[in-house]
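Structure first, commentary second.
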Amino acid sequence: TVVPFYMGHREIQKSFLHWWRYSIRLENTSGSRIQLRQRHWRIFSSSGTLETVRGDGVIGQQPVLSIRQPAFQYSSHVSLQAPKGHMWGTFRMEREDGKFFDVRIPPFNLQSHEYPSIG
């Protein structure tokens with residue numbers, strides 16, 4: 001589950017930078033132990049830019065999801081030079097047997113509720 005929140009904008013060098021905070025909840029319903037190893041995000045801005053972000057884990061962690069702790073939730077942020085865009089990606093997960101699989105994060109909208117006038 002992904003829930004984005006528009007946080008506002010700031011003017012930086014005669015352009016606006018828009019900020020969103022997003023919360024993600026991962027839940028393991030398989031009954032087997034899995035661990036989040038990597039993230040891969042694609043971030044599209046309506047200004048026409050497409051950014052790729054890859055890295056180990058999320059927010060400095062590689063959480064384990066098991067029967068004992070089946071869910072993990074975290075928050076992070078993203079900024080765009082336009083008041084709207086969207087992002088999507090995958091989480092690379094590792095099973096107990098060492099095999100990997102990807103969990104797809106479908107596109108979610110980054111939409112501001114304000115359009116500042118420029119100029």
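Residue names in the structure tokens use chain letters A, B, ... in the order shown, residue numbers from 1 in each chain, and ligand numbers from 1 in the order shown.
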How close does range 27-76 of chain A get to range 9-21 of chain A? List, as CSV, each residue of range 27-76 of chain A within 12 Å, its nearest atom pair and the distance in Å to one decimal, counting only C-alpha atoms.
residue,atom,partner,partner_atom,distance
A:Ser45,CA,A:His18,CA,10.3
A:Ser46,CA,A:His18,CA,11.7
A:Ser47,CA,A:Leu17,CA,11.4
A:Tyr74,CA,A:Arg21,CA,10.5
A:Ser75,CA,A:Arg21,CA,6.9
A:Ser76,CA,A:Arg21,CA,5.7
Once you have the residues from the selection above, write them out as a JSON list (two decimals), in the first residue's frame, restricted to N, CA, C and O atoms.
[["chain", "number", "residue", "atom", "x", "y", "z"],
["A", 45, "SER", "N", 8.32, 13.28, -13.77],
["A", 45, "SER", "CA", 7.80, 14.61, -13.49],
["A", 45, "SER", "C", 7.08, 15.12, -14.73],
["A", 45, "SER", "O", 7.54, 14.89, -15.85],
["A", 46, "SER", "N", 5.98, 15.84, -14.55],
["A", 46, "SER", "CA", 5.27, 16.39, -15.70],
["A", 46, "SER", "C", 6.10, 17.42, -16.45],
["A", 46, "SER", "O", 5.74, 17.84, -17.54],
["A", 47, "SER", "N", 7.25, 17.81, -15.89],
["A", 47, "SER", "CA", 8.18, 18.69, -16.62],
["A", 47, "SER", "C", 8.92, 17.91, -17.71],
["A", 47, "SER", "O", 9.62, 18.51, -18.52],
["A", 74, "TYR", "N", 7.13, 2.22, 6.24],
["A", 74, "TYR", "CA", 8.11, 3.29, 6.32],
["A", 74, "TYR", "C", 7.62, 4.49, 5.54],
["A", 74, "TYR", "O", 6.70, 4.38, 4.72],
["A", 75, "SER", "N", 8.25, 5.63, 5.78],
["A", 75, "SER", "CA", 7.96, 6.86, 5.04],
["A", 75, "SER", "C", 9.24, 7.42, 4.48],
["A", 75, "SER", "O", 10.31, 7.29, 5.08],
["A", 76, "SER", "N", 9.11, 8.06, 3.33],
["A", 76, "SER", "CA", 10.24, 8.73, 2.70],
["A", 76, "SER", "C", 9.70, 9.93, 1.95],
["A", 76, "SER", "O", 8.53, 10.29, 2.11]]
inquiry  = When DSSP is applied to the backbone of this structure, which of chain A are assigned strand (DSSP E or B)? Write them out as a VMD selection string.
reply    = chain A and resid 2 to 12 15 to 27 34 to 45 50 to 56 58 61 64 to 65 71 to 80 84 to 95 100 to 111
query = Excluding same-chain residues fewer than 6 positions from Ala71 in chain A, what lies within 7 Å of it counting only C-alpha atoms, as an MDAnalysis selection string?
reply = chainID A and resid 25:28 65
message = With distances taken over only C-alpha atoms, which residue among A:Trp41, A:Trp88, A:Phe100, A:Phe5 lies nearest Ser23 in chain A?
response = A:Phe5
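Residues within 12 Å of Gly8 in chain A, counting only C-alpha atoms and excluding same-chain residues fewer than 4 positions away, are Phe16, Leu17, His18, Trp19, Trp20, Arg21, His77, Val78, Ser79, Leu80, Gln81, Ala82, Pro83, Lys84, Leu110, Gln111, Ser112, His113, Glu114, Tyr115 and Pro116 of chain A.
Atom pair CA of Pro4 in chain A / CA of Gly57 in chain A: separated by 19.5 Å.
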task = Tell me, as a ChimeraX atom specification, which residues lie within 12 Å of Arg104 in chain A, counting only C-alpha atoms; anything in the same chain fewer than 4 positions away does not count.
result = /A:1-2,26,39-42,87-93,108
Same residues, N, CA and C atoms, saved as a short mmCIF file (atom, residue, chain, number, x, y, z; two decimals), in the first residue's frame:
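Everything below was put into again-v7.cif:
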data_model
loop_
_atom_site.label_atom_id
_atom_site.label_comp_id
_atom_site.auth_asym_id
_atom_site.auth_seq_id
_atom_site.Cartn_x
_atom_site.Cartn_y
_atom_site.Cartn_z
N THR A 1 0.85 -1.18 0.00
CA THR A 1 0.00 0.00 0.00
C THR A 1 0.89 1.24 0.00
N VAL A 2 0.57 2.21 -0.85
CA VAL A 2 1.31 3.46 -0.92
C VAL A 2 0.34 4.62 -0.73
N LEU A 26 4.40 -2.77 3.51
CA LEU A 26 4.62 -4.07 2.89
C LEU A 26 4.08 -5.14 3.82
N ARG A 39 15.81 -1.58 -3.64
CA ARG A 39 14.70 -0.82 -4.19
C ARG A 39 15.11 -0.29 -5.55
N HIS A 40 14.13 -0.11 -6.42
CA HIS A 40 14.35 0.46 -7.74
C HIS A 40 13.13 1.33 -8.05
N TRP A 41 13.32 2.63 -8.09
CA TRP A 41 12.23 3.57 -8.36
C TRP A 41 12.43 4.24 -9.71
N ARG A 42 11.33 4.51 -10.40
CA ARG A 42 11.29 5.36 -11.59
C ARG A 42 10.37 6.52 -11.21
N MET A 87 5.28 7.96 -9.73
CA MET A 87 6.43 7.08 -9.56
C MET A 87 5.96 5.64 -9.42
N TRP A 88 6.87 4.73 -9.73
CA TRP A 88 6.58 3.31 -9.65
C TRP A 88 7.92 2.60 -9.48
N GLY A 89 7.87 1.31 -9.17
CA GLY A 89 9.13 0.61 -9.02
C GLY A 89 8.98 -0.82 -8.59
N THR A 90 10.08 -1.34 -8.05
CA THR A 90 10.11 -2.71 -7.55
C THR A 90 10.96 -2.78 -6.29
N PHE A 91 10.62 -3.76 -5.47
CA PHE A 91 11.46 -4.13 -4.34
C PHE A 91 12.00 -5.53 -4.63
N ARG A 92 13.30 -5.70 -4.53
CA ARG A 92 13.92 -7.01 -4.69
C ARG A 92 13.92 -7.69 -3.32
N MET A 93 13.27 -8.84 -3.26
CA MET A 93 13.13 -9.59 -2.02
C MET A 93 13.95 -10.88 -2.10
N PHE A 108 1.91 5.39 -8.76
CA PHE A 108 1.03 6.20 -7.92
C PHE A 108 1.30 7.66 -8.22
#
ask   = Could you state the separation of CA of Pro107 in chain A and CA of Ser32 in chain A in Å, given to one decimal place?
value =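 Atom-to-atom, CA of Pro107 in chain A to CA of Ser32 in chain A, that is 26.8 Å.
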Atomic separation - CA of Phe44 in chain A relative to CA of His86 in chain A, Å =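 Answer for the CA of His86 in chain A to CA of Phe44 in chain A separation: 5.4 Å.
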query = Which residue gives the smallest distance to Gln35 in chain A among A:Pro70, A:Gly48, A:Gly55, A:Pro63, with only C-alpha atoms counted?
reply = A:Pro63
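Comparing the minimum interatomic distances between Leu50 in chain A and each of A:Gly85, A:Gly98, A:Ser30, A:Tyr22, counting only C-alpha atoms, we find that A:Gly85 sits nearest.
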task = Considering only C-alpha atoms, state which residue in the set A:Glu51, A:Arg37, A:Ile43, A:Asp97 is at the smallest distance from Val64 in chain A.
result =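 Of the candidates, the smallest distance to Val64 in chain A is held by A:Arg37.
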